[in-house]
$ cat structure-v5.cif   # mmCIF, C-alpha atoms; chains and numbers go by the auth columns
data_structure
#
loop_
_atom_site.group_PDB
_atom_site.id
_atom_site.type_symbol
_atom_site.label_atom_id
_atom_site.label_comp_id
_atom_site.label_asym_id
_atom_site.label_seq_id
_atom_site.Cartn_x
_atom_site.Cartn_y
_atom_site.Cartn_z
_atom_site.B_iso_or_equiv
_atom_site.auth_seq_id
_atom_site.auth_asym_id
ATOM 1 C CA ASP A 1 56.616 -49.428 -34.240 0.00 1 A
ATOM 2 C CA MET A 2 56.456 -45.808 -33.081 0.00 2 A
ATOM 3 C CA ASP A 3 58.796 -44.667 -30.308 0.00 3 A
ATOM 4 C CA THR A 4 55.848 -42.980 -28.615 0.00 4 A
ATOM 5 C CA GLY A 5 53.639 -46.078 -28.747 0.00 5 A
ATOM 6 C CA GLY A 6 51.652 -48.165 -31.203 0.00 6 A
ATOM 7 C CA GLN A 7 52.247 -48.749 -34.908 0.00 7 A
ATOM 8 C CA ASP A 8 51.854 -46.297 -37.761 0.00 8 A
ATOM 9 C CA TYR A 9 53.260 -45.165 -41.137 0.00 9 A
ATOM 10 C CA VAL A 10 56.070 -42.597 -41.459 0.00 10 A
ATOM 11 C CA SER A 11 57.355 -41.027 -44.675 0.00 11 A
ATOM 12 C CA ALA A 12 60.473 -42.376 -46.387 0.00 12 A
ATOM 13 C CA TYR A 13 61.292 -38.695 -46.987 0.00 13 A
ATOM 14 C CA TYR A 14 63.136 -38.843 -43.653 0.00 14 A
ATOM 15 C CA LEU A 15 65.551 -41.625 -44.666 0.00 15 A
ATOM 16 C CA SER A 16 69.156 -40.414 -44.506 0.00 16 A
ATOM 17 C CA LYS A 17 70.750 -42.424 -47.328 0.00 17 A
ATOM 18 C CA TRP A 18 68.319 -42.385 -50.249 0.00 18 A
ATOM 19 C CA GLY A 19 66.869 -40.084 -52.877 0.00 19 A
ATOM 20 C CA ASN A 20 63.479 -39.194 -54.306 0.00 20 A
ATOM 21 C CA ASP A 21 60.902 -42.006 -54.104 0.00 21 A
ATOM 22 C CA GLN A 22 63.427 -44.494 -52.751 0.00 22 A
ATOM 23 C CA ALA A 23 62.689 -46.696 -49.750 0.00 23 A
ATOM 24 C CA LYS A 24 65.556 -49.034 -48.877 0.00 24 A
ATOM 25 C CA ASP A 25 67.124 -50.376 -45.719 0.00 25 A
ATOM 26 C CA ASP A 26 70.678 -49.446 -44.697 0.00 26 A
ATOM 27 C CA SER A 27 72.134 -52.356 -46.703 0.00 27 A
ATOM 28 C CA GLY A 28 70.471 -51.115 -49.902 0.00 28 A
ATOM 29 C CA THR A 29 67.714 -53.733 -50.028 0.00 29 A
ATOM 30 C CA THR A 30 64.330 -52.409 -51.164 0.00 30 A
ATOM 31 C CA ILE A 31 61.750 -52.511 -48.370 0.00 31 A
ATOM 32 C CA PRO A 32 58.887 -54.880 -49.368 0.00 32 A
ATOM 33 C CA THR A 33 55.460 -53.486 -50.188 0.00 33 A
ATOM 34 C CA CYS A 34 52.727 -53.816 -47.570 0.00 34 A
ATOM 35 C CA SER A 35 49.587 -55.732 -48.482 0.00 35 A
ATOM 36 C CA TRP A 36 46.070 -54.369 -47.931 0.00 36 A
ATOM 37 C CA ASP A 37 45.990 -55.166 -44.207 0.00 37 A
ATOM 38 C CA GLY A 38 49.049 -52.994 -43.563 0.00 38 A
ATOM 39 C CA GLY A 39 50.916 -55.726 -41.766 0.00 39 A
ATOM 40 C CA THR A 40 52.070 -58.319 -44.266 0.00 40 A
ATOM 41 C CA GLY A 41 54.635 -57.746 -46.993 0.00 41 A
ATOM 42 C CA THR A 42 54.092 -59.086 -50.492 0.00 42 A
ATOM 43 C CA SER A 43 57.502 -60.713 -50.762 0.00 43 A
ATOM 44 C CA GLY A 44 56.174 -64.244 -50.963 0.00 44 A
ATOM 45 C CA THR A 45 55.039 -64.560 -47.377 0.00 45 A
ATOM 46 C CA THR A 46 52.799 -67.600 -46.806 0.00 46 A
ATOM 47 C CA THR A 47 51.800 -67.108 -43.177 0.00 47 A
ATOM 48 C CA THR A 48 48.665 -64.994 -43.735 0.00 48 A
ATOM 49 C CA LYS A 49 45.582 -66.844 -44.959 0.00 49 A
ATOM 50 C CA TYR A 50 43.005 -65.253 -47.280 0.00 50 A
ATOM 51 C CA TRP A 51 39.645 -67.016 -47.421 0.00 51 A
ATOM 52 C CA VAL A 52 37.988 -67.651 -50.792 0.00 52 A
ATOM 53 C CA ASP A 53 35.077 -69.681 -52.177 0.00 53 A
ATOM 54 C CA THR A 54 35.621 -72.036 -55.130 0.00 54 A
ATOM 55 C CA TYR A 55 32.649 -73.335 -57.117 0.00 55 A
ATOM 56 C CA ALA A 56 34.348 -76.563 -58.273 0.00 56 A
ATOM 57 C CA SER A 57 37.380 -78.717 -57.517 0.00 57 A
ATOM 58 C CA ALA A 58 40.462 -76.842 -58.779 0.00 58 A
ATOM 59 C CA PRO A 59 43.387 -78.908 -60.141 0.00 59 A
ATOM 60 C CA SER A 60 46.896 -77.796 -59.261 0.00 60 A
ATOM 61 C CA ARG A 61 48.981 -76.237 -61.995 0.00 61 A
ATOM 62 C CA ASP A 62 51.802 -78.753 -61.544 0.00 62 A
ATOM 63 C CA GLY A 63 49.541 -81.810 -61.373 0.00 63 A
ATOM 64 C CA ASN A 64 50.331 -82.721 -57.766 0.00 64 A
ATOM 65 C CA GLY A 65 46.810 -82.522 -56.341 0.00 65 A
ATOM 66 C CA SER A 66 43.647 -80.447 -56.160 0.00 66 A
ATOM 67 C CA LEU A 67 41.735 -77.958 -54.017 0.00 67 A
ATOM 68 C CA ASN A 68 38.187 -79.040 -53.194 0.00 68 A
ATOM 69 C CA ALA A 69 35.149 -76.905 -53.952 0.00 69 A
ATOM 70 C CA GLY A 70 33.932 -74.778 -51.055 0.00 70 A
ATOM 71 C CA THR A 71 35.533 -72.296 -48.666 0.00 71 A
ATOM 72 C CA ASN A 72 39.336 -72.482 -48.719 0.00 72 A
ATOM 73 C CA TYR A 73 42.317 -70.332 -47.809 0.00 73 A
ATOM 74 C CA VAL A 74 45.070 -69.143 -50.138 0.00 74 A
ATOM 75 C CA PHE A 75 48.276 -67.235 -49.429 0.00 75 A
ATOM 76 C CA CYS A 76 48.995 -65.045 -52.459 0.00 76 A
ATOM 77 C CA LYS A 77 48.770 -64.839 -56.249 0.00 77 A
ATOM 78 C CA GLU A 78 50.959 -64.660 -59.361 0.00 78 A
ATOM 79 C CA TRP A 79 50.216 -63.961 -63.049 0.00 79 A
ATOM 80 C CA GLY A 80 50.439 -66.927 -65.419 0.00 80 A
ATOM 81 C CA THR A 81 48.778 -68.992 -68.134 0.00 81 A
ATOM 82 C CA LYS A 82 45.145 -68.160 -68.915 0.00 82 A
ATOM 83 C CA VAL A 83 42.498 -70.656 -67.815 0.00 83 A
ATOM 84 C CA GLY A 84 39.069 -70.529 -69.488 0.00 84 A
ATOM 85 C CA ASN A 85 37.940 -69.218 -72.845 0.00 85 A
ATOM 86 C CA ASP A 86 37.495 -65.878 -74.619 0.00 86 A
ATOM 87 C CA SER A 87 34.391 -65.054 -72.561 0.00 87 A
ATOM 88 C CA THR A 88 35.266 -66.345 -69.088 0.00 88 A
ATOM 89 C CA TYR A 89 38.918 -66.536 -68.066 0.00 89 A
ATOM 90 C CA ASN A 90 41.552 -65.788 -65.468 0.00 90 A
ATOM 91 C CA HIS A 91 45.349 -65.399 -65.642 0.00 91 A
ATOM 92 C CA TRP A 92 45.893 -65.341 -61.857 0.00 92 A
ATOM 93 C CA TRP A 93 47.165 -68.388 -59.956 0.00 93 A
ATOM 94 C CA MET A 94 46.828 -68.715 -56.187 0.00 94 A
ATOM 95 C CA PHE A 95 49.316 -70.476 -53.902 0.00 95 A
ATOM 96 C CA THR A 96 47.654 -72.678 -51.278 0.00 96 A
ATOM 97 C CA ASP A 97 47.683 -75.892 -49.240 0.00 97 A
ATOM 98 C CA LEU A 98 46.088 -78.459 -51.536 0.00 98 A
ATOM 99 C CA ASP A 99 43.446 -80.834 -50.180 0.00 99 A
ATOM 100 C CA THR A 100 45.031 -83.888 -51.812 0.00 100 A
ATOM 101 C CA GLY A 101 48.612 -83.229 -50.828 0.00 101 A
ATOM 102 C CA GLY A 102 51.320 -80.635 -50.463 0.00 102 A
ATOM 103 C CA GLN A 103 51.263 -77.045 -51.585 0.00 103 A
ATOM 104 C CA GLY A 104 50.606 -75.811 -55.078 0.00 104 A
ATOM 105 C CA TRP A 105 49.004 -73.300 -57.428 0.00 105 A
ATOM 106 C CA VAL A 106 45.342 -73.279 -58.467 0.00 106 A
ATOM 107 C CA SER A 107 43.675 -70.960 -60.935 0.00 107 A
ATOM 108 C CA ALA A 108 41.557 -68.017 -59.750 0.00 108 A
ATOM 109 C CA TYR A 109 39.203 -69.073 -62.559 0.00 109 A
ATOM 110 C CA TYR A 110 37.538 -71.293 -59.930 0.00 110 A
ATOM 111 C CA LEU A 111 36.678 -68.414 -57.570 0.00 111 A
ATOM 112 C CA SER A 112 32.928 -68.170 -57.065 0.00 112 A
ATOM 113 C CA LYS A 113 32.518 -64.449 -56.496 0.00 113 A
ATOM 114 C CA TRP A 114 34.715 -62.683 -59.039 0.00 114 A
ATOM 115 C CA GLY A 115 35.051 -61.977 -62.750 0.00 115 A
ATOM 116 C CA ASN A 116 37.711 -62.173 -65.447 0.00 116 A
ATOM 117 C CA ASP A 117 41.273 -61.631 -64.181 0.00 117 A
ATOM 118 C CA GLU A 118 40.094 -60.873 -60.656 0.00 118 A
ATOM 119 C CA ALA A 119 41.673 -62.542 -57.626 0.00 119 A
ATOM 120 C CA LYS A 120 40.120 -61.355 -54.356 0.00 120 A
ATOM 121 C CA ASP A 121 39.209 -62.898 -51.045 0.00 121 A
ATOM 122 C CA ASN A 122 35.596 -63.287 -49.934 0.00 122 A
ATOM 123 C CA SER A 123 35.575 -59.806 -48.383 0.00 123 A
ATOM 124 C CA GLY A 124 36.616 -58.197 -51.667 0.00 124 A
ATOM 125 C CA HIS A 125 40.274 -57.479 -50.860 0.00 125 A
ATOM 126 C CA THR A 126 42.783 -58.095 -53.642 0.00 126 A
ATOM 127 C CA LEU A 127 45.130 -60.989 -52.855 0.00 127 A
ATOM 128 C CA PRO A 128 48.792 -59.953 -52.395 0.00 128 A
ATOM 129 C CA ASN A 129 51.364 -60.906 -55.004 0.00 129 A
ATOM 130 C CA CYS A 130 53.682 -63.827 -54.240 0.00 130 A
ATOM 131 C CA GLY A 131 56.968 -61.947 -54.190 0.00 131 A
ATOM 132 C CA ALA A 132 56.998 -60.880 -57.809 0.00 132 A
ATOM 133 C CA ASP A 133 57.378 -57.229 -56.828 0.00 133 A
ATOM 134 C CA SER A 134 60.262 -57.758 -54.387 0.00 134 A
ATOM 135 C CA LYS A 135 63.497 -59.029 -55.895 0.00 135 A
ATOM 136 C CA TYR A 136 66.602 -59.671 -53.799 0.00 136 A
ATOM 137 C CA TRP A 137 69.828 -59.793 -55.790 0.00 137 A
ATOM 138 C CA VAL A 138 72.359 -62.553 -55.090 0.00 138 A
ATOM 139 C CA LYS A 139 75.500 -64.029 -56.643 0.00 139 A
ATOM 140 C CA THR A 140 75.844 -67.748 -57.286 0.00 140 A
ATOM 141 C CA TYR A 141 79.256 -69.330 -57.850 0.00 141 A
ATOM 142 C CA ALA A 142 77.930 -72.277 -59.910 0.00 142 A
ATOM 143 C CA SER A 143 74.783 -73.388 -61.726 0.00 143 A
ATOM 144 C CA ALA A 144 72.084 -74.324 -59.199 0.00 144 A
ATOM 145 C CA PRO A 145 69.548 -77.091 -59.989 0.00 145 A
ATOM 146 C CA GLY A 146 65.845 -76.649 -59.244 0.00 146 A
ATOM 147 C CA ARG A 147 64.478 -78.587 -56.285 0.00 147 A
ATOM 148 C CA ASP A 148 60.946 -79.449 -57.434 0.00 148 A
ATOM 149 C CA HIS A 149 60.694 -79.031 -61.202 0.00 149 A
ATOM 150 C CA GLY A 150 64.264 -79.356 -62.423 0.00 150 A
ATOM 151 C CA GLY A 151 65.917 -76.746 -64.580 0.00 151 A
ATOM 152 C CA THR A 152 68.846 -74.509 -63.771 0.00 152 A
ATOM 153 C CA LEU A 153 69.699 -71.119 -62.319 0.00 153 A
ATOM 154 C CA ASN A 154 72.912 -70.071 -64.006 0.00 154 A
ATOM 155 C CA ALA A 155 76.007 -68.949 -62.125 0.00 155 A
ATOM 156 C CA GLY A 156 76.373 -65.179 -61.754 0.00 156 A
ATOM 157 C CA THR A 157 74.119 -62.362 -60.564 0.00 157 A
ATOM 158 C CA ASN A 158 70.493 -63.449 -60.087 0.00 158 A
ATOM 159 C CA TYR A 159 67.403 -62.357 -58.185 0.00 159 A
ATOM 160 C CA VAL A 160 65.371 -64.384 -55.714 0.00 160 A
ATOM 161 C CA PHE A 161 62.077 -63.657 -53.975 0.00 161 A
ATOM 162 C CA CYS A 162 62.222 -65.384 -50.595 0.00 162 A
ATOM 163 C CA LYS A 163 63.572 -68.413 -48.720 0.00 163 A
ATOM 164 C CA VAL A 164 62.292 -71.561 -46.981 0.00 164 A
ATOM 165 C CA TRP A 165 64.039 -74.005 -44.631 0.00 165 A
ATOM 166 C CA GLY A 166 64.465 -77.505 -46.032 0.00 166 A
ATOM 167 C CA THR A 167 66.761 -80.409 -46.835 0.00 167 A
ATOM 168 C CA LYS A 168 70.469 -79.808 -46.245 0.00 168 A
ATOM 169 C CA VAL A 169 72.685 -79.467 -49.308 0.00 169 A
ATOM 170 C CA GLY A 170 76.429 -80.046 -48.888 0.00 170 A
ATOM 171 C CA ASN A 171 78.420 -82.000 -46.361 0.00 171 A
ATOM 172 C CA ASP A 172 79.393 -81.806 -42.691 0.00 172 A
ATOM 173 C CA THR A 173 81.833 -78.971 -43.390 0.00 173 A
ATOM 174 C CA ALA A 174 80.040 -76.794 -45.959 0.00 174 A
ATOM 175 C CA TYR A 175 76.234 -76.900 -46.058 0.00 175 A
ATOM 176 C CA ASN A 176 73.000 -74.933 -46.268 0.00 176 A
ATOM 177 C CA HIS A 177 69.389 -75.738 -45.316 0.00 177 A
ATOM 178 C CA TRP A 178 67.865 -72.628 -46.960 0.00 178 A
ATOM 179 C CA TRP A 179 66.130 -72.820 -50.346 0.00 179 A
ATOM 180 C CA LEU A 180 65.559 -69.706 -52.484 0.00 180 A
ATOM 181 C CA TYR A 181 62.458 -69.179 -54.642 0.00 181 A
ATOM 182 C CA THR A 182 63.313 -67.684 -58.040 0.00 182 A
ATOM 183 C CA ASP A 183 62.705 -67.499 -61.780 0.00 183 A
ATOM 184 C CA MET A 184 64.823 -70.267 -63.305 0.00 184 A
ATOM 185 C CA ASP A 185 66.999 -69.445 -66.312 0.00 185 A
ATOM 186 C CA THR A 186 65.566 -72.461 -68.127 0.00 186 A
ATOM 187 C CA GLY A 187 61.975 -71.339 -67.541 0.00 187 A
ATOM 188 C CA GLY A 188 59.385 -71.399 -64.774 0.00 188 A
ATOM 189 C CA ARG A 189 59.869 -70.907 -61.039 0.00 189 A
ATOM 190 C CA ASP A 190 61.460 -73.207 -58.513 0.00 190 A
ATOM 191 C CA TYR A 191 63.597 -73.358 -55.379 0.00 191 A
ATOM 192 C CA VAL A 192 67.407 -73.511 -55.523 0.00 192 A
ATOM 193 C CA SER A 193 69.724 -74.131 -52.603 0.00 193 A
ATOM 194 C CA ALA A 194 71.442 -71.200 -50.874 0.00 194 A
ATOM 195 C CA TYR A 195 74.478 -73.505 -50.807 0.00 195 A
ATOM 196 C CA TYR A 196 75.334 -71.967 -54.201 0.00 196 A
ATOM 197 C CA LEU A 197 75.472 -68.380 -52.916 0.00 197 A
ATOM 198 C CA SER A 198 78.892 -66.763 -53.217 0.00 198 A
ATOM 199 C CA GLY A 199 80.763 -65.561 -50.155 0.00 199 A
ATOM 200 C CA GLN A 200 78.324 -66.819 -47.524 0.00 200 A
ATOM 201 C CA GLY A 201 78.678 -69.311 -44.714 0.00 201 A
ATOM 202 C CA ASN A 202 76.733 -72.317 -43.522 0.00 202 A
ATOM 203 C CA ASP A 203 72.973 -71.735 -43.280 0.00 203 A
ATOM 204 C CA GLU A 204 73.246 -68.120 -44.416 0.00 204 A
ATOM 205 C CA ALA A 205 70.886 -66.666 -47.016 0.00 205 A
ATOM 206 C CA LYS A 206 71.512 -62.978 -47.634 0.00 206 A
ATOM 207 C CA ASP A 207 71.412 -60.752 -50.676 0.00 207 A
ATOM 208 C CA MET A 208 74.597 -59.408 -52.244 0.00 208 A
ATOM 209 C CA TYR A 209 74.412 -56.311 -50.025 0.00 209 A
ATOM 210 C CA GLY A 210 74.241 -58.306 -46.789 0.00 210 A
ATOM 211 C CA GLY A 211 70.485 -57.881 -46.277 0.00 211 A
ATOM 212 C CA SER A 212 68.462 -60.849 -45.029 0.00 212 A
ATOM 213 C CA ILE A 213 66.212 -62.491 -47.641 0.00 213 A
ATOM 214 C CA PRO A 214 62.632 -62.737 -46.275 0.00 214 A
ATOM 215 C CA THR A 215 60.989 -66.046 -45.467 0.00 215 A
ATOM 216 C CA CYS A 216 58.354 -67.269 -47.970 0.00 216 A
#

$ encode --input "structure-v5.cif" --output "structure tokens"
Amino acid sequence: DMDTGGQDYVSAYYLSKWGNDQAKDDSGTTIPTCSWDGGTGTSGTTTTKYWVDTYASAPSRDGNGSLNAGTNYVFCKEWGTKVGNDSTYNHWWMFTDLDTGGQGWVSAYYLSKWGNDEAKDNSGHTLPNCGADSKYWVKTYASAPGRDHGGTLNAGTNYVFCKVWGTKVGNDTAYNHWWLYTDMDTGGRDYVSAYYLSGQGNDEAKDMYGGSIPTC
């Protein structure tokens, strides 16, 4: 937001604390990349909807539902297992609200308008990445179990992408409702409770520099 009115871009050249081609906030956290519309970061945000057409019912990657054929919205994309064959394929997976329950990932292979390894909305804009380019470093004091798929995030220094509000972990004295989306040490991605963050209080979810972790 400009001091003289409206919104615009200014160069990170004018930042006081950082060097060449660095763009961080005062706590040392890297500023997330803007998506194509100039207003939404690519750090896992799932508030902006991107409309796409699917030519067939798309099963979710984790087997918890499906996305019907037709015009649907998705939030963002991440690179993963190839769907298709040697001639027609796609490695991108799109995060969305499934038609048969919950949220999940469906393959961009089912997009009607685009070719191999393309993941765009109906207007031709590339879908933003789901946080893979924005890592927020944290310290965990103990191994943290995955919420949805199991597995473990080991104790120590780890990175997370974003946070969501959910079920409380802990007790009446020490607790946390925030869940952190991350790459698990045992494979795959899942949410782990911010209860396991070192040196933070109840319902806090900050990186190791004191910067706030963005909401997914």

$ closest_residue --input "structure-v5.cif" --among "A:Trp114, A:Tyr209, A:Tyr141, A:Trp179" --to "Thr54 (chain A)" --atoms "all atoms listed in the file"
A:Trp114

$ resolve_selection --input "structure-v5.cif" --expression "the PyMOL selection byres ((chain A and resi 91) around 7)" --output "PyMOL selection string"
chain A and resi 79-83+89-90+92-93+117

$ write_last_selection --input "structure-v5.cif" --atoms "C-alpha atoms" --output "short mmCIF file (atom, residue, chain, number, x, y, z; two decimals), in the coordinates of the input"
data_model
loop_
_atom_site.label_atom_id
_atom_site.label_comp_id
_atom_site.auth_asym_id
_atom_site.auth_seq_id
_atom_site.Cartn_x
_atom_site.Cartn_y
_atom_site.Cartn_z
CA TRP A 79 50.22 -63.96 -63.05
CA GLY A 80 50.44 -66.93 -65.42
CA THR A 81 48.78 -68.99 -68.13
CA LYS A 82 45.14 -68.16 -68.92
CA VAL A 83 42.50 -70.66 -67.82
CA TYR A 89 38.92 -66.54 -68.07
CA ASN A 90 41.55 -65.79 -65.47
CA TRP A 92 45.89 -65.34 -61.86
CA TRP A 93 47.16 -68.39 -59.96
CA ASP A 117 41.27 -61.63 -64.18
#

$ closest_residue --input "structure-v5.cif" --among "A:Asp3, A:Asp86, A:Asp185, A:Asp21" --to "Pro145 (chain A)" --atoms "all atoms listed in the file"
A:Asp185

$ closest_residue --input "structure-v5.cif" --among "A:Asp26, A:Tyr109, A:Met2, A:Thr71" --to "Asn85 (chain A)" --atoms "only C-alpha atoms"
A:Tyr109

$ resolve_selection --input "structure-v5.cif" --expression "the PyMOL selection byres ((chain A and resi 104) around 8)" --output "PyMOL selection string"
chain A and resi 60-62+64-65+95-98+102-103+105-106

$ write_last_selection --input "structure-v5.cif" --atoms "C-alpha atoms" --output "compact mmCIF listing (two decimals), keeping the file's coordinate frame"
# COMPACT_ATOMS: atom_id res chain seq x y z
CA SER A 60 46.90 -77.80 -59.26
CA ARG A 61 48.98 -76.24 -62.00
CA ASP A 62 51.80 -78.75 -61.54
CA ASN A 64 50.33 -82.72 -57.77
CA GLY A 65 46.81 -82.52 -56.34
CA PHE A 95 49.32 -70.48 -53.90
CA THR A 96 47.65 -72.68 -51.28
CA ASP A 97 47.68 -75.89 -49.24
CA LEU A 98 46.09 -78.46 -51.54
CA GLY A 102 51.32 -80.64 -50.46
CA GLN A 103 51.26 -77.04 -51.58
CA TRP A 105 49.00 -73.30 -57.43
CA VAL A 106 45.34 -73.28 -58.47

$ residues_around --input "structure-v5.cif" --residues "Ile213 (chain A)" --least-positions-apart "5" --cutoff "9 Å" --atoms "all atoms listed in the file" --output "list in words"
Tyr136, Val160, Phe161, Cys162, Lys163, Leu180, Ala205, Lys206 and Asp207 of chain A

$ closest_residue --input "structure-v5.cif" --among "A:Asn20, A:Ser193, A:Ser107, A:Asn72" --to "Ser143 (chain A)" --atoms "only C-alpha atoms"
A:Ser193

$ atom_distance --input "structure-v5.cif" --atom1 "CA of Ser212 (chain A)" --atom2 "CA of Ser27 (chain A)"
9.4 Å

$ residues_around --input "structure-v5.cif" --residues "Val192 (chain A)" --least-positions-apart "2" --cutoff "12 Å" --atoms "only C-alpha atoms" --output "NGL selection string"
:A and (140 or 142-155 or 158-169 or 176-185 or 189-190 or 194-197 or 205)

$ atom_distance --input "structure-v5.cif" --atom1 "CA of Ala174 (chain A)" --atom2 "CA of Thr157 (chain A)"
21.4 Å

$ residues_around --input "structure-v5.cif" --residues "Asp121 (chain A)" --least-positions-apart "2" --cutoff "6 Å" --atoms "all atoms listed in the file" --output "short mmCIF file (atom, residue, chain, number, x, y, z; two decimals) with C-alpha atoms, in the frame of the given file"
data_model
loop_
_atom_site.label_atom_id
_atom_site.label_comp_id
_atom_site.auth_asym_id
_atom_site.auth_seq_id
_atom_site.Cartn_x
_atom_site.Cartn_y
_atom_site.Cartn_z
CA TYR A 50 43.00 -65.25 -47.28
CA TRP A 51 39.65 -67.02 -47.42
CA VAL A 52 37.99 -67.65 -50.79
CA SER A 123 35.58 -59.81 -48.38
CA GLY A 124 36.62 -58.20 -51.67
CA HIS A 125 40.27 -57.48 -50.86
#

$ atom_distance --input "structure-v5.cif" --atom1 "CA of Phe75 (chain A)" --atom2 "CA of Thr48 (chain A)"
6.1 Å

$ residues_near_point --input "structure-v5.cif" --point "(48.5, -62.8, -51.2)" --cutoff "7 Å" --atoms "all atoms listed in the file" --output "number ranges by chain"
A: 42, 75-77, 127-130

$ write_last_selection --input "structure-v5.cif" --atoms "C-alpha atoms" --output "compact mmCIF listing (two decimals), in the frame of the given file"
# COMPACT_ATOMS: atom_id res chain seq x y z
CA THR A 42 54.09 -59.09 -50.49
CA PHE A 75 48.28 -67.24 -49.43
CA CYS A 76 49.00 -65.04 -52.46
CA LYS A 77 48.77 -64.84 -56.25
CA LEU A 127 45.13 -60.99 -52.86
CA PRO A 128 48.79 -59.95 -52.40
CA ASN A 129 51.36 -60.91 -55.00
CA CYS A 130 53.68 -63.83 -54.24

$ axis_aligned_box --input "structure-v5.cif" --around "region 185-203 of chain A" --padding-each-side "5 Å" --output "lines of an AutoDock Vina configuration file"
center_x = 70.1
center_y = -69.8
center_z = -55.7
size_x = 31.4
size_y = 18.6
size_z = 34.8

$ closest_residue --input "structure-v5.cif" --among "A:Gly211, A:Gly115, A:Gly156, A:Gly188" --to "Gly84 (chain A)" --atoms "all atoms listed in the file"
A:Gly115

$ closest_residue --input "structure-v5.cif" --among "A:Ile31, A:Gly70, A:Lys24, A:Gly199" --to "Lys113 (chain A)" --atoms "only C-alpha atoms"
A:Gly70

$ residues_around --input "structure-v5.cif" --residues "Ala12 (chain A)" --least-positions-apart "3" --cutoff "8 Å" --atoms "all atoms listed in the file" --output "number ranges by chain"
A: 15, 21-23

$ decode --input "structure-v5.cif" --residues "region 99-104 of chain A" --atoms "all heavy atoms" --output "mmCIF file, in the first residue's frame"
data_model
loop_
_atom_site.group_PDB
_atom_site.id
_atom_site.type_symbol
_atom_site.label_atom_id
_atom_site.label_comp_id
_atom_site.auth_asym_id
_atom_site.auth_seq_id
_atom_site.Cartn_x
_atom_site.Cartn_y
_atom_site.Cartn_z
ATOM 1 N N ASP A 99 -15.818 -33.008 -4.619
ATOM 2 C CA ASP A 99 -17.277 -33.068 -4.681
ATOM 3 C C ASP A 99 -17.843 -34.133 -3.754
ATOM 4 O O ASP A 99 -18.990 -34.023 -3.298
ATOM 5 C CB ASP A 99 -17.735 -33.332 -6.114
ATOM 6 C CG ASP A 99 -17.561 -32.101 -7.000
ATOM 7 O OD1 ASP A 99 -18.058 -31.032 -6.625
ATOM 8 O OD2 ASP A 99 -16.925 -32.217 -8.052
ATOM 9 N N THR A 100 -17.068 -35.170 -3.462
ATOM 10 C CA THR A 100 -17.573 -36.261 -2.626
ATOM 11 C C THR A 100 -17.025 -36.217 -1.204
ATOM 12 O O THR A 100 -17.159 -37.183 -0.474
ATOM 13 C CB THR A 100 -17.231 -37.622 -3.249
ATOM 14 O OG1 THR A 100 -15.808 -37.705 -3.443
ATOM 15 C CG2 THR A 100 -17.937 -37.803 -4.562
ATOM 16 N N GLY A 101 -16.436 -35.111 -0.820
ATOM 17 C CA GLY A 101 -16.057 -34.980 0.582
ATOM 18 C C GLY A 101 -14.671 -34.448 0.821
ATOM 19 O O GLY A 101 -13.702 -34.944 0.244
ATOM 20 N N GLY A 102 -14.592 -33.423 1.675
ATOM 21 C CA GLY A 102 -13.311 -32.916 2.128
ATOM 22 C C GLY A 102 -12.510 -32.224 1.045
ATOM 23 O O GLY A 102 -13.006 -31.892 -0.040
ATOM 24 N N GLN A 103 -11.255 -31.988 1.374
ATOM 25 C CA GLN A 103 -10.316 -31.394 0.435
ATOM 26 C C GLN A 103 -9.289 -32.428 0.028
ATOM 27 O O GLN A 103 -9.004 -33.364 0.774
ATOM 28 C CB GLN A 103 -9.617 -30.186 1.075
ATOM 29 C CG GLN A 103 -10.529 -29.000 1.325
ATOM 30 C CD GLN A 103 -9.790 -27.819 1.915
ATOM 31 O OE1 GLN A 103 -8.994 -27.969 2.830
ATOM 32 N NE2 GLN A 103 -10.054 -26.630 1.399
ATOM 33 N N GLY A 104 -8.729 -32.272 -1.151
ATOM 34 C CA GLY A 104 -7.738 -33.226 -1.603
ATOM 35 C C GLY A 104 -7.073 -32.778 -2.889
ATOM 36 O O GLY A 104 -7.317 -31.677 -3.397
#
